[in-house]
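Listing of input_22.tsv; format and content: TSV, C-alpha atoms and all ligand atoms.
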```tsv
chain	number	residue	atom	x	y	z
A	1	MET	CA	0.00	0.00	0.00
A	2	PRO	CA	1.43	3.42	-0.85
A	3	ARG	CA	1.81	5.69	2.14
A	4	ILE	CA	2.38	9.33	2.87
A	5	GLU	CA	4.65	10.16	5.78
A	6	ILE	CA	3.80	13.40	7.49
A	7	SER	CA	6.23	15.23	9.73
A	8	LEU	CA	4.13	17.08	12.29
A	9	ALA	CA	7.30	18.67	13.69
A	10	LYS	CA	8.07	20.26	10.31
A	11	ILE	CA	4.53	21.53	9.89
A	12	GLN	CA	4.60	23.00	13.39
A	13	ASP	CA	7.96	24.61	12.64
A	14	ASN	CA	6.65	26.15	9.40
A	15	ALA	CA	3.57	27.49	11.18
A	16	ARG	CA	5.76	28.98	13.90
A	17	ILE	CA	8.21	30.65	11.52
A	18	LEU	CA	5.37	32.10	9.43
A	19	SER	CA	3.46	33.24	12.53
A	20	GLU	CA	6.58	35.05	13.74
A	21	LEU	CA	7.33	36.54	10.31
A	22	TYR	CA	3.83	37.87	9.66
A	23	GLY	CA	3.36	38.71	13.33
A	24	GLN	CA	6.11	41.33	13.05
A	25	GLN	CA	3.63	43.52	11.18
A	26	GLY	CA	0.59	42.58	13.22
A	27	ILE	CA	-0.72	39.94	10.82
A	28	SER	CA	-2.39	36.90	12.39
A	29	LEU	CA	-2.76	33.60	10.56
A	30	MET	CA	-5.49	31.17	9.67
A	31	GLY	CA	-4.02	27.71	9.07
A	32	VAL	CA	-5.82	26.21	6.08
A	33	THR	CA	-6.38	22.46	6.27
A	34	LYS	CA	-8.40	21.71	3.13
A	35	ALA	CA	-5.47	20.12	1.26
A	36	VAL	CA	-5.04	17.57	4.06
A	37	LEU	CA	-8.72	16.62	4.40
A	38	GLY	CA	-8.86	18.41	7.74
A	39	GLU	CA	-6.42	15.95	9.32
A	40	PRO	CA	-6.76	16.72	13.04
A	41	ALA	CA	-3.10	16.04	13.90
A	42	ILE	CA	-2.01	18.53	11.25
A	43	ALA	CA	-4.44	21.17	12.51
A	44	ALA	CA	-3.08	20.61	16.02
A	45	ALA	CA	0.50	21.06	14.75
A	46	MET	CA	-0.51	24.35	13.10
A	47	ILE	CA	-2.07	25.53	16.35
A	48	ARG	CA	1.05	24.63	18.33
A	49	GLY	CA	2.98	26.64	15.75
A	50	GLY	CA	0.91	29.69	16.52
A	51	VAL	CA	-1.92	30.06	14.00
A	52	GLU	CA	-4.92	31.79	15.56
A	53	PHE	CA	-7.67	30.19	13.44
A	54	ILE	CA	-8.18	26.94	11.54
A	55	ALA	CA	-9.84	27.40	8.17
A	56	ASP	CA	-11.21	24.84	5.74
A	57	SER	CA	-13.46	24.90	2.72
A	58	ARG	CA	-15.40	21.78	3.73
A	59	LEU	CA	-17.79	21.49	6.63
A	60	GLU	CA	-17.05	17.76	6.86
A	61	ASN	CA	-13.35	18.49	7.47
A	62	ILE	CA	-14.18	20.94	10.25
A	63	GLN	CA	-16.54	18.40	11.82
A	64	ARG	CA	-13.75	15.84	11.66
A	65	MET	CA	-11.33	18.15	13.50
A	66	LYS	CA	-13.89	19.07	16.15
A	67	ALA	CA	-14.82	15.42	16.71
A	68	ALA	CA	-11.12	14.66	17.23
A	69	GLY	CA	-10.93	17.31	19.93
A	70	VAL	CA	-9.12	20.08	18.08
A	71	ILE	CA	-9.90	23.35	19.84
A	72	ALA	CA	-9.74	26.46	17.70
A	73	GLN	CA	-11.79	29.19	16.12
A	74	PHE	CA	-13.02	27.42	12.98
A	75	VAL	CA	-13.48	29.34	9.76
A	76	LEU	CA	-15.40	28.03	6.76
A	77	LEU	CA	-13.84	29.26	3.51
A	78	ARG	CA	-16.66	28.32	1.14
A	79	THR	CA	-20.24	28.89	2.16
A	80	ALA	CA	-23.26	27.29	0.47
A	81	LEU	CA	-26.84	28.44	1.01
A	82	SER	CA	-28.07	24.86	1.40
A	83	GLN	CA	-25.67	24.28	4.31
A	84	ALA	CA	-26.65	27.37	6.29
A	85	GLU	CA	-28.04	25.52	9.29
A	86	ALA	CA	-25.09	23.13	9.62
A	87	ILE	CA	-22.66	26.03	9.21
A	88	VAL	CA	-24.21	27.91	12.10
A	89	GLU	CA	-24.02	24.80	14.24
A	90	VAL	CA	-20.47	23.77	13.34
A	91	VAL	CA	-18.31	26.82	12.61
A	92	ASP	CA	-17.60	30.11	14.34
A	93	ILE	CA	-16.92	32.23	11.26
A	94	SER	CA	-17.77	31.83	7.58
A	95	LEU	CA	-16.59	33.68	4.47
A	96	ASN	CA	-19.49	35.14	2.51
A	97	SER	CA	-20.41	37.10	-0.60
A	98	GLU	CA	-24.18	36.53	-1.07
A	99	ILE	CA	-26.88	38.38	0.88
A	100	GLU	CA	-29.38	35.54	0.41
A	101	THR	CA	-26.98	33.17	2.15
A	102	LEU	CA	-26.48	35.68	4.97
A	103	ARG	CA	-30.25	35.91	5.49
A	104	SER	CA	-30.38	32.15	5.85
A	105	LEU	CA	-27.39	32.09	8.23
A	106	SER	CA	-29.07	34.75	10.36
A	107	TYR	CA	-32.33	32.80	10.35
A	108	TYR	CA	-30.66	29.62	11.59
A	109	ALA	CA	-28.45	31.50	14.02
A	110	LYS	CA	-31.64	32.80	15.62
A	111	ALA	CA	-33.13	29.31	15.67
A	112	HIS	CA	-30.03	27.99	17.44
A	113	ASN	CA	-29.75	30.95	19.74
A	114	LYS	CA	-26.38	31.96	18.34
A	115	ARG	CA	-24.67	34.91	16.78
A	116	HIS	CA	-22.82	33.71	13.69
A	117	GLN	CA	-19.74	35.63	12.60
A	118	ILE	CA	-19.00	36.39	8.99
A	119	ILE	CA	-16.15	37.74	6.94
A	120	VAL	CA	-17.35	39.63	3.87
A	121	MET	CA	-15.29	38.73	0.82
A	122	VAL	CA	-14.53	41.52	-1.64
A	123	GLU	CA	-13.81	41.00	-5.34
A	124	MET	CA	-10.40	42.58	-5.95
A	125	GLY	CA	-9.81	41.39	-9.51
A	126	ASP	CA	-9.18	37.64	-9.38
A	127	LEU	CA	-12.83	36.93	-10.28
A	128	ARG	CA	-13.46	34.13	-7.85
A	129	GLU	CA	-15.58	34.93	-4.79
A	130	GLY	CA	-16.34	38.44	-3.62
A	131	VAL	CA	-18.78	41.33	-3.54
A	132	LEU	CA	-17.95	43.91	-6.20
A	133	PRO	CA	-16.51	47.06	-4.57
A	134	ALA	CA	-19.33	49.14	-6.06
A	135	ASP	CA	-21.91	46.96	-4.26
A	136	LEU	CA	-20.07	46.82	-0.95
A	137	SER	CA	-21.87	49.66	0.86
A	138	SER	CA	-25.28	48.27	0.06
A	139	PHE	CA	-24.11	44.76	1.02
A	140	ILE	CA	-22.80	45.91	4.42
A	141	HIS	CA	-25.93	47.99	4.97
A	142	GLN	CA	-28.17	44.95	4.43
A	143	THR	CA	-25.90	42.71	6.52
A	144	LEU	CA	-26.01	45.09	9.47
A	145	SER	CA	-29.77	44.69	9.56
A	146	LEU	CA	-29.46	40.94	10.17
A	147	PRO	CA	-29.56	40.72	13.96
A	148	HIS	CA	-28.04	37.29	14.44
A	149	LEU	CA	-24.94	37.93	12.40
A	150	LYS	CA	-21.81	39.75	13.43
A	151	ILE	CA	-19.40	41.11	10.84
A	152	ALA	CA	-16.06	39.76	12.08
A	153	GLY	CA	-14.19	41.31	9.21
A	154	ILE	CA	-13.58	41.63	5.53
A	155	GLY	CA	-11.27	39.83	3.15
A	156	CYS	CA	-10.22	39.10	-0.37
A	157	ASN	CA	-8.74	36.21	-2.28
A	158	LEU	CA	-6.27	36.57	-5.15
A	159	ALA	CA	-4.06	34.33	-7.30
A	160	CYS	CA	-6.59	31.51	-7.32
A	161	TYR	CA	-8.77	31.73	-10.41
A	162	GLY	CA	-7.52	34.72	-12.34
A	163	GLY	CA	-3.92	34.37	-11.22
A	164	VAL	CA	-3.89	37.99	-10.07
A	165	ARG	CA	-0.81	38.75	-7.99
A	166	PRO	CA	-1.33	40.37	-4.59
A	167	ASP	CA	0.52	43.69	-4.76
A	168	ASP	CA	0.65	47.13	-3.21
A	169	ARG	CA	-2.11	48.37	-5.46
A	170	ASN	CA	-4.79	45.77	-4.69
A	171	MET	CA	-3.81	45.49	-1.00
A	172	ARG	CA	-4.00	49.28	-0.64
A	173	ALA	CA	-7.37	49.24	-2.43
A	174	LEU	CA	-8.66	46.74	0.15
A	175	SER	CA	-7.35	48.90	3.00
A	176	GLU	CA	-9.10	51.93	1.49
A	177	GLN	CA	-12.38	50.02	1.33
A	178	VAL	CA	-11.95	49.16	5.02
A	179	ASP	CA	-11.34	52.81	5.96
A	180	ARG	CA	-14.29	53.95	3.87
A	181	LEU	CA	-16.75	51.37	5.23
A	182	GLU	CA	-15.72	51.91	8.85
A	183	LYS	CA	-16.34	55.61	8.44
A	184	GLU	CA	-19.60	55.21	6.53
A	185	PHE	CA	-21.15	52.74	8.99
A	186	GLN	CA	-19.32	53.72	12.19
A	187	ILE	CA	-18.13	50.14	12.68
A	188	ASN	CA	-14.86	48.38	13.36
A	189	LEU	CA	-14.18	45.68	10.80
A	190	GLY	CA	-11.80	43.62	12.94
A	191	VAL	CA	-10.22	40.92	10.82
A	192	ILE	CA	-8.86	42.23	7.51
A	193	SER	CA	-7.84	39.07	5.71
A	194	GLY	CA	-5.69	40.07	2.75
A	195	GLY	CA	-5.15	36.72	1.08
A	196	ASN	CA	-3.29	33.43	1.06
A	197	SER	CA	0.14	31.91	0.42
A	198	ALA	CA	0.47	34.14	-2.66
A	199	ASN	CA	0.80	37.22	-0.41
A	200	TYR	CA	4.38	36.50	0.64
A	201	GLU	CA	6.17	38.64	-1.99
A	202	TRP	CA	3.82	41.52	-1.34
A	203	TYR	CA	4.53	41.25	2.38
A	204	LYS	CA	8.30	41.11	1.92
A	205	THR	CA	8.40	44.13	-0.38
A	206	ALA	CA	5.52	46.26	0.92
A	207	GLN	CA	6.48	49.54	2.58
A	208	ALA	CA	3.49	49.15	4.85
A	209	VAL	CA	0.79	46.50	5.18
A	210	GLY	CA	-1.95	49.09	5.64
A	211	ARG	CA	-5.04	47.69	7.31
A	212	ILE	CA	-4.24	44.05	6.45
A	213	ASN	CA	-4.03	42.10	9.73
A	214	ASN	CA	-4.68	38.50	8.69
A	215	LEU	CA	-3.72	35.93	6.04
A	216	ARG	CA	-5.10	32.46	5.34
A	217	LEU	CA	-2.21	30.07	4.69
A	218	GLY	CA	-2.34	26.51	3.46
A	219	GLU	CA	0.42	25.75	1.01
A	220	SER	CA	3.17	27.79	2.63
A	221	ILE	CA	2.67	26.06	5.99
A	222	LEU	CA	2.37	22.60	4.44
A	223	LEU	CA	4.91	22.75	1.63
A	224	GLY	CA	7.13	25.69	2.61
A	225	CYS	CA	6.68	27.82	-0.50
A	226	GLU	CA	4.83	30.91	-1.64
A	227	THR	CA	2.48	30.47	-4.58
A	228	VAL	CA	3.15	33.32	-7.01
A	229	GLY	CA	6.32	31.66	-8.32
A	230	ARG	CA	6.42	28.61	-6.02
A	231	LYS	CA	9.63	29.87	-4.46
A	232	ILE	CA	10.81	28.36	-1.18
A	233	ILE	CA	10.31	30.67	1.79
A	234	PRO	CA	13.67	30.92	3.62
A	235	GLY	CA	13.86	28.72	6.70
A	236	LEU	CA	10.80	26.62	5.93
A	237	HIS	CA	10.69	22.85	5.52
A	238	THR	CA	9.67	21.69	2.05
A	239	ARG	CA	9.53	17.98	2.80
A	240	ALA	CA	6.98	17.68	5.56
A	241	PHE	CA	5.17	15.22	3.28
A	242	GLN	CA	6.79	12.29	1.51
A	243	LEU	CA	4.96	9.74	-0.59
A	244	PHE	CA	6.32	6.18	-0.69
A	245	ALA	CA	5.47	3.56	-3.32
A	246	GLU	CA	6.70	0.05	-3.98
A	247	VAL	CA	8.47	-1.21	-7.11
A	248	ILE	CA	6.45	-4.16	-8.44
A	249	GLU	CA	8.38	-4.72	-11.66
A	250	ALA	CA	11.93	-3.74	-12.69
A	251	LYS	CA	13.30	-4.72	-16.09
A	252	ILE	CA	15.41	-3.54	-18.97
A	253	LYS	CA	12.95	-2.71	-21.74
A	254	PRO	CA	12.92	-0.69	-24.94
A	255	SER	CA	11.86	2.93	-24.58
A	256	LEU	CA	9.64	2.80	-27.69
A	257	PRO	CA	6.45	0.72	-27.71
A	258	SER	CA	6.10	-1.67	-30.65
A	259	GLY	CA	2.93	-1.95	-32.72
A	260	ASP	CA	0.35	0.57	-33.89
A	261	ILE	CA	-0.10	3.43	-31.41
A	262	CYS	CA	-3.73	4.14	-30.48
A	263	GLN	CA	-5.24	6.13	-27.59
A	264	ASP	CA	-3.94	5.37	-24.11
A	265	ALA	CA	-6.14	4.60	-21.09
A	266	PHE	CA	-7.04	8.29	-20.74
A	267	GLY	CA	-7.85	9.04	-24.37
A	268	HIS	CA	-4.55	10.63	-25.37
A	269	ILE	CA	-2.23	9.57	-28.15
A	270	PRO	CA	1.08	9.07	-26.34
A	271	VAL	CA	4.38	10.29	-27.76
A	272	PHE	CA	7.68	8.61	-26.90
A	273	GLN	CA	11.31	9.49	-27.03
A	274	ASP	CA	13.71	6.79	-28.21
A	275	ARG	CA	16.45	6.28	-25.67
A	276	GLY	CA	17.19	2.70	-26.62
A	277	LEU	CA	17.04	-0.04	-24.02
A	278	HIS	CA	16.86	1.24	-20.46
A	279	GLN	CA	16.04	0.28	-16.91
A	280	ARG	CA	12.39	0.80	-16.13
A	281	ALA	CA	10.38	0.15	-13.03
A	282	ILE	CA	6.68	0.00	-12.31
A	283	LEU	CA	5.35	1.34	-9.02
A	284	ALA	CA	2.18	0.23	-7.26
A	285	LEU	CA	0.81	3.73	-7.46
A	286	GLY	CA	-1.50	5.31	-10.00
A	287	ARG	CA	-3.86	8.09	-10.86
A	288	GLN	CA	-6.52	6.60	-8.64
A	289	ASP	CA	-4.18	7.32	-5.75
A	290	VAL	CA	-2.62	10.64	-6.60
A	291	SER	CA	-2.21	13.28	-9.29
A	292	VAL	CA	1.04	11.77	-10.62
A	293	SER	CA	2.06	14.86	-12.59
A	294	GLY	CA	2.72	16.71	-9.32
A	295	LEU	CA	5.18	14.17	-7.91
A	296	LYS	CA	8.88	14.90	-7.79
A	297	SER	CA	11.51	12.28	-7.10
A	298	ASN	CA	14.21	13.04	-4.59
A	299	ASN	CA	16.53	10.47	-6.20
A	300	SER	CA	16.54	11.87	-9.74
A	301	LEU	CA	14.07	9.30	-10.97
A	302	GLU	CA	12.13	10.31	-14.02
A	303	ILE	CA	8.41	9.56	-14.25
A	304	LEU	CA	7.69	8.27	-17.76
A	305	GLY	CA	3.95	7.94	-17.41
A	306	SER	CA	1.10	6.55	-15.39
A	307	SER	CA	-2.25	4.84	-15.64
A	308	SER	CA	-4.95	4.26	-13.04
A	309	ASP	CA	-2.88	1.86	-10.96
A	310	HIS	CA	0.68	1.97	-12.32
A	311	THR	CA	3.41	4.57	-12.54
A	312	ILE	CA	6.41	3.90	-14.77
A	313	VAL	CA	9.76	5.39	-13.81
A	314	THR	CA	13.30	5.22	-15.09
A	315	SER	CA	16.61	5.93	-13.46
A	316	LYS	CA	20.02	6.48	-14.98
A	317	HIS	CA	21.81	6.32	-11.65
A	318	ARG	CA	20.09	3.70	-9.65
A	319	ASN	CA	19.35	0.04	-10.14
A	320	LEU	CA	15.76	-0.42	-9.07
A	321	ARG	CA	14.69	-3.81	-7.78
A	322	VAL	CA	11.35	-5.42	-7.05
A	323	GLY	CA	10.30	-4.58	-3.51
A	324	ASP	CA	12.31	-1.33	-3.38
A	325	GLU	CA	10.57	1.72	-2.02
A	326	ILE	CA	10.64	4.98	-3.92
A	327	ASN	CA	9.81	8.31	-2.31
A	328	PHE	CA	8.48	11.52	-3.80
A	329	SER	CA	7.74	15.07	-2.80
A	330	LEU	CA	4.31	16.38	-3.75
A	331	ASP	CA	2.99	19.65	-5.09
A	332	TYR	CA	-0.25	21.09	-3.72
A	333	GLY	CA	-2.49	19.26	-6.20
A	334	SER	CA	-0.80	15.95	-5.53
A	335	LEU	CA	-0.93	16.49	-1.79
A	336	LEU	CA	-4.66	17.19	-2.03
A	337	THR	CA	-5.34	14.01	-4.02
A	338	ALA	CA	-3.03	11.81	-1.92
A	339	MET	CA	-4.60	12.98	1.34
A	340	THR	CA	-8.07	12.37	-0.12
A	341	SER	CA	-7.30	8.88	-1.46
A	342	PRO	CA	-8.51	5.96	0.65
A	343	PHE	CA	-5.72	3.86	-0.88
A	344	ILE	CA	-2.87	5.84	0.63
A	345	GLU	CA	-1.98	5.18	4.22
A	346	LYS	CA	-1.33	8.35	6.26
A	347	VAL	CA	1.56	7.90	8.67
A	348	MET	CA	1.96	10.66	11.23
A	349	GLN	CA	5.43	11.29	12.59
A	350	PRO	CA	5.33	12.87	16.02
A	351	GLY	CA	5.27	16.57	16.69
A	352	LEU	CA	7.77	18.36	18.86
A	353	LEU	CA	7.49	16.98	22.36
A	354	ASN	CA	7.58	19.33	25.27
A	355	PHE	CA	10.13	18.92	28.02
A	356	HIS	CA	7.97	16.89	30.35
A	357	SER	CA	6.72	14.37	27.83
A	358	ASP	CA	10.29	14.13	26.53
A	359	MET	CA	11.40	13.10	30.00
A	360	ALA	CA	8.50	10.70	30.38
A	361	ALA	CA	9.37	9.03	27.10
B	401	LIG	C1	-7.61	27.51	-0.15
B	401	LIG	C2	-7.84	28.86	0.32
B	401	LIG	C3	-6.81	29.54	0.98
B	401	LIG	C4	-5.43	28.96	1.20
B	401	LIG	O1	-4.67	29.05	0.03
B	401	LIG	P1	-3.12	28.66	0.02
B	401	LIG	O2	-2.66	29.07	-1.32
B	401	LIG	O3	-3.04	27.19	0.24
B	401	LIG	O4	-2.47	29.43	1.10
B	401	LIG	C5	-7.09	30.81	1.45
B	401	LIG	N1	-8.29	31.40	1.27
B	401	LIG	C6	-9.30	30.76	0.63
B	401	LIG	C7	-10.61	31.46	0.47
B	401	LIG	C8	-9.11	29.48	0.13
B	401	LIG	O5	-10.12	28.86	-0.49
```
So that I can check it, write out the structure of this file as structure tokens.
Amino acid sequence: MPRIEISLAKIQDNARILSELYGQQGISLMGVTKAVLGEPAIAAAMIRGGVEFIADSRLENIQRMKAAGVIAQFVLLRTALSQAEAIVEVVDISLNSEIETLRSLSYYAKAHNKRHQIIVMVEMGDLREGVLPADLSSFIHQTLSLPHLKIAGIGCNLACYGGVRPDDRNMRALSEQVDRLEKEFQINLGVISGGNSANYEWYKTAQAVGRINNLRLGESILLGCETVGRKIIPGLHTRAFQLFAEVIEAKIKPSLPSGDICQDAFGHIPVFQDRGLHQRAILALGRQDVSVSGLKSNNSLEILGSSSDHTIVTSKHRNLRVGDEINFSLDYGSLLTAMTSPFIEKVMQPGLLNFHSDMAA
């Protein structure tokens, strides 16, 4: 069975370093757990590292963390009208951009004798979620009339759909909206959540962060990189996750198939490069387990291709044998699929122990 080994100590370390870095300018963090299926041990490592909120796009993941005893302020990143009642029951804060959904949240908050907190998402150019700036005043005005909701803050999301880079211009525009709305409605917006792992370059180069006081980070905590150019953030661990798969066949074979070439298992006509006879190995790992295109070998293995259940690799430098184990690093997409696959065993390596449990052990 393929397995993914997860270093909780590295994840905790990344969360701590990022909390300290962003904390220097008064920015708190939400640790985003959606790529790891809301794995409770990972959420706990993020919390030990200093994140102030745990955020996920799926209610089921948040329920899983709560059931496992994770204690945090839980934030739902994607809010659906049909889930309004469950959202009010399960999470503390949800991200929102539709007034109809807010009416329903308020209705169920009343029914459950709660005050549900919301963060209003603003469209700043990336064209995923968000209220258009021109509609913001009217949106806030209507929201303030819903008695069982509390506006916890405002936020925006960039670099996800449109690939728009967070920069001084759009971050300052968000800050200006905050100033304007606070004045217009005589309110304090609280959490100003400026973005995600793509905000690193902006943060490092910005003269001032303006009103931004929060970021929602998944990938940079989990994989140690920012997401504008996928550059490693200095000091962070990039190998908190390693995927292991077993070699089930290893032979010298030709590099060109013989016979008429038709469509492969996924409907593509494959193209091959002739490198003569070479050492090839087949791994017990396939596209039903993981998005293979996002795997990277740490032993200069080359991935030649994959089907549902097999991945074919070649190595110039290493003699692969049946039963050998091969390990890979994963990009965000591969991490997401591997953590979601029931076929991949998740092996948690311990977090940093504190002094007393160290002694006890
Ligand atoms: C997924 C998500 C994030 C986290 O993005 P990363 O690039 O992993 O940091 C932040 N905000 C929202 C709304 C998201 O959906």
A:Met124 surroundings by all atoms listed in the file, 8 Å radius, close-in-sequence under 2 positions cut, as a PyMOL selection string: chain A and resi 122+126-127+130+132-133+156-158+170+174
Save the residues we just selected, C-alpha atoms, as a PDB file, in the frame of the given file?
```
ATOM      1  CA  VAL A 122     -14.530  41.520  -1.640  1.00  0.00           C
ATOM      2  CA  ASP A 126      -9.180  37.640  -9.380  1.00  0.00           C
ATOM      3  CA  LEU A 127     -12.830  36.930 -10.280  1.00  0.00           C
ATOM      4  CA  GLY A 130     -16.340  38.440  -3.620  1.00  0.00           C
ATOM      5  CA  LEU A 132     -17.950  43.910  -6.200  1.00  0.00           C
ATOM      6  CA  PRO A 133     -16.510  47.060  -4.570  1.00  0.00           C
ATOM      7  CA  CYS A 156     -10.220  39.100  -0.370  1.00  0.00           C
ATOM      8  CA  ASN A 157      -8.740  36.210  -2.280  1.00  0.00           C
ATOM      9  CA  LEU A 158      -6.270  36.570  -5.150  1.00  0.00           C
ATOM     10  CA  ASN A 170      -4.790  45.770  -4.690  1.00  0.00           C
ATOM     11  CA  LEU A 174      -8.660  46.740   0.150  1.00  0.00           C
TER      12      LEU A 174
END
```
At a cut-off of 7 Å, using only C-alpha atoms, what residues contact stretch 199-203 of chain A? Leave out same-chain residues fewer than 2 positions from it and give the result as a PDB file with C-alpha atoms, keeping the file's coordinate frame.
```
ATOM      1  CA  PRO A 166      -1.330  40.370  -4.590  1.00  0.00           C
ATOM      2  CA  ASP A 167       0.520  43.690  -4.760  1.00  0.00           C
ATOM      3  CA  ASP A 168       0.650  47.130  -3.210  1.00  0.00           C
ATOM      4  CA  GLY A 195      -5.150  36.720   1.080  1.00  0.00           C
ATOM      5  CA  ASN A 196      -3.290  33.430   1.060  1.00  0.00           C
ATOM      6  CA  SER A 197       0.140  31.910   0.420  1.00  0.00           C
ATOM      7  CA  THR A 205       8.400  44.130  -0.380  1.00  0.00           C
ATOM      8  CA  ALA A 206       5.520  46.260   0.920  1.00  0.00           C
ATOM      9  CA  GLU A 226       4.830  30.910  -1.640  1.00  0.00           C
TER      10      GLU A 226
END
```
A:Glu246, A:Glu219, A:Asp264, A:Asp289 ranked by distance to A:Ile11, top pick (using all atoms listed in the file):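 The closest residue to A:Ile11 is A:Glu219.
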From A:Leu222, A:Ile312, A:Ala86, A:Leu77, residue lying nearest ligand LIG 401 (chain B) [only C-alpha atoms and all ligand atoms]: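 Counting only C-alpha atoms and all ligand atoms, the residue closest to ligand LIG 401 (chain B) is A:Leu77.
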Contacts of A:Pro234 within 10 Å, all atoms listed in the file, excl. fewer than 5 positions in-chain, as a ChimeraX atom specification: /A:17,224-225
Could you build a table of the residues in chain A lying no more than 9 Å from ligand LIG 401 (chain B), giving for each the nearest pair of atoms and their separation in Å rounded to one decimal place, using only C-alpha atoms and all ligand atoms, ordered by chain and ascending residue number, as JSON lines?
```
{"residue": "A:Met30", "atom": "CA", "partner": "B:LIG401", "partner_atom": "C5", "distance": 8.4}
{"residue": "A:Gly31", "atom": "CA", "partner": "B:LIG401", "partner_atom": "C4", "distance": 8.1}
{"residue": "A:Val32", "atom": "CA", "partner": "B:LIG401", "partner_atom": "C4", "distance": 5.6}
{"residue": "A:Thr33", "atom": "CA", "partner": "B:LIG401", "partner_atom": "C1", "distance": 8.3}
{"residue": "A:Lys34", "atom": "CA", "partner": "B:LIG401", "partner_atom": "C1", "distance": 6.7}
{"residue": "A:Ala35", "atom": "CA", "partner": "B:LIG401", "partner_atom": "O3", "distance": 7.5}
{"residue": "A:Ala55", "atom": "CA", "partner": "B:LIG401", "partner_atom": "C5", "distance": 8.0}
{"residue": "A:Asp56", "atom": "CA", "partner": "B:LIG401", "partner_atom": "C1", "distance": 7.4}
{"residue": "A:Ser57", "atom": "CA", "partner": "B:LIG401", "partner_atom": "O5", "distance": 6.1}
{"residue": "A:Leu76", "atom": "CA", "partner": "B:LIG401", "partner_atom": "C7", "distance": 8.6}
{"residue": "A:Leu77", "atom": "CA", "partner": "B:LIG401", "partner_atom": "C7", "distance": 5.0}
{"residue": "A:Arg78", "atom": "CA", "partner": "B:LIG401", "partner_atom": "O5", "distance": 6.8}
{"residue": "A:Leu95", "atom": "CA", "partner": "B:LIG401", "partner_atom": "C7", "distance": 7.5}
{"residue": "A:Met121", "atom": "CA", "partner": "B:LIG401", "partner_atom": "C7", "distance": 8.7}
{"residue": "A:Glu129", "atom": "CA", "partner": "B:LIG401", "partner_atom": "C7", "distance": 8.0}
{"residue": "A:Gly155", "atom": "CA", "partner": "B:LIG401", "partner_atom": "C7", "distance": 8.8}
{"residue": "A:Cys156", "atom": "CA", "partner": "B:LIG401", "partner_atom": "C7", "distance": 7.7}
{"residue": "A:Asn157", "atom": "CA", "partner": "B:LIG401", "partner_atom": "C7", "distance": 5.8}
{"residue": "A:Leu158", "atom": "CA", "partner": "B:LIG401", "partner_atom": "N1", "distance": 8.5}
{"residue": "A:Ala159", "atom": "CA", "partner": "B:LIG401", "partner_atom": "O2", "distance": 8.1}
{"residue": "A:Cys160", "atom": "CA", "partner": "B:LIG401", "partner_atom": "O2", "distance": 7.6}
{"residue": "A:Ser193", "atom": "CA", "partner": "B:LIG401", "partner_atom": "N1", "distance": 8.9}
{"residue": "A:Gly195", "atom": "CA", "partner": "B:LIG401", "partner_atom": "N1", "distance": 6.2}
{"residue": "A:Asn196", "atom": "CA", "partner": "B:LIG401", "partner_atom": "O4", "distance": 4.1}
{"residue": "A:Ser197", "atom": "CA", "partner": "B:LIG401", "partner_atom": "O4", "distance": 3.7}
{"residue": "A:Ala198", "atom": "CA", "partner": "B:LIG401", "partner_atom": "O2", "distance": 6.1}
{"residue": "A:Asn199", "atom": "CA", "partner": "B:LIG401", "partner_atom": "O4", "distance": 8.6}
{"residue": "A:Leu215", "atom": "CA", "partner": "B:LIG401", "partner_atom": "C5", "distance": 7.7}
{"residue": "A:Arg216", "atom": "CA", "partner": "B:LIG401", "partner_atom": "C5", "distance": 4.7}
{"residue": "A:Leu217", "atom": "CA", "partner": "B:LIG401", "partner_atom": "O4", "distance": 3.7}
{"residue": "A:Gly218", "atom": "CA", "partner": "B:LIG401", "partner_atom": "O3", "distance": 3.4}
{"residue": "A:Glu219", "atom": "CA", "partner": "B:LIG401", "partner_atom": "O3", "distance": 3.8}
{"residue": "A:Ser220", "atom": "CA", "partner": "B:LIG401", "partner_atom": "O4", "distance": 6.1}
{"residue": "A:Ile221", "atom": "CA", "partner": "B:LIG401", "partner_atom": "O4", "distance": 7.9}
{"residue": "A:Leu222", "atom": "CA", "partner": "B:LIG401", "partner_atom": "O3", "distance": 8.2}
{"residue": "A:Glu226", "atom": "CA", "partner": "B:LIG401", "partner_atom": "O2", "distance": 7.7}
{"residue": "A:Thr227", "atom": "CA", "partner": "B:LIG401", "partner_atom": "O2", "distance": 6.2}
{"residue": "A:Tyr332", "atom": "CA", "partner": "B:LIG401", "partner_atom": "O3", "distance": 7.8}
```
Atomic separation - atom CA of A:Ala250 relative to atom CA of A:Met339, Å: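 Separating atom CA of A:Met339 from atom CA of A:Ala250 is a distance of 27.4 Å.
Within the 7 Å cut-off around A:Pro254, using only C-alpha atoms and omitting residues fewer than 2 positions from it on the same chain, the listed residues are Leu256, Gly276, Leu277 and His278 of chain A.
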How would the residues just picked look written out with C-alpha atoms as an mmCIF file, keeping the file's coordinate frame?
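Dumped to result_5.cif:
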```cif
data_model
loop_
_atom_site.group_PDB
_atom_site.id
_atom_site.type_symbol
_atom_site.label_atom_id
_atom_site.label_comp_id
_atom_site.auth_asym_id
_atom_site.auth_seq_id
_atom_site.Cartn_x
_atom_site.Cartn_y
_atom_site.Cartn_z
ATOM 1 C CA LEU A 256 9.640 2.800 -27.690
ATOM 2 C CA GLY A 276 17.190 2.700 -26.620
ATOM 3 C CA LEU A 277 17.040 -0.040 -24.020
ATOM 4 C CA HIS A 278 16.860 1.240 -20.460
#
```
Residue with smallest distance to A:Leu102 - pool A:Arg48, A:Gly162, A:Lys114, A:Ile119, counting all atoms listed in the file: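 Of all the options, A:Ile119 lies closest to A:Leu102.
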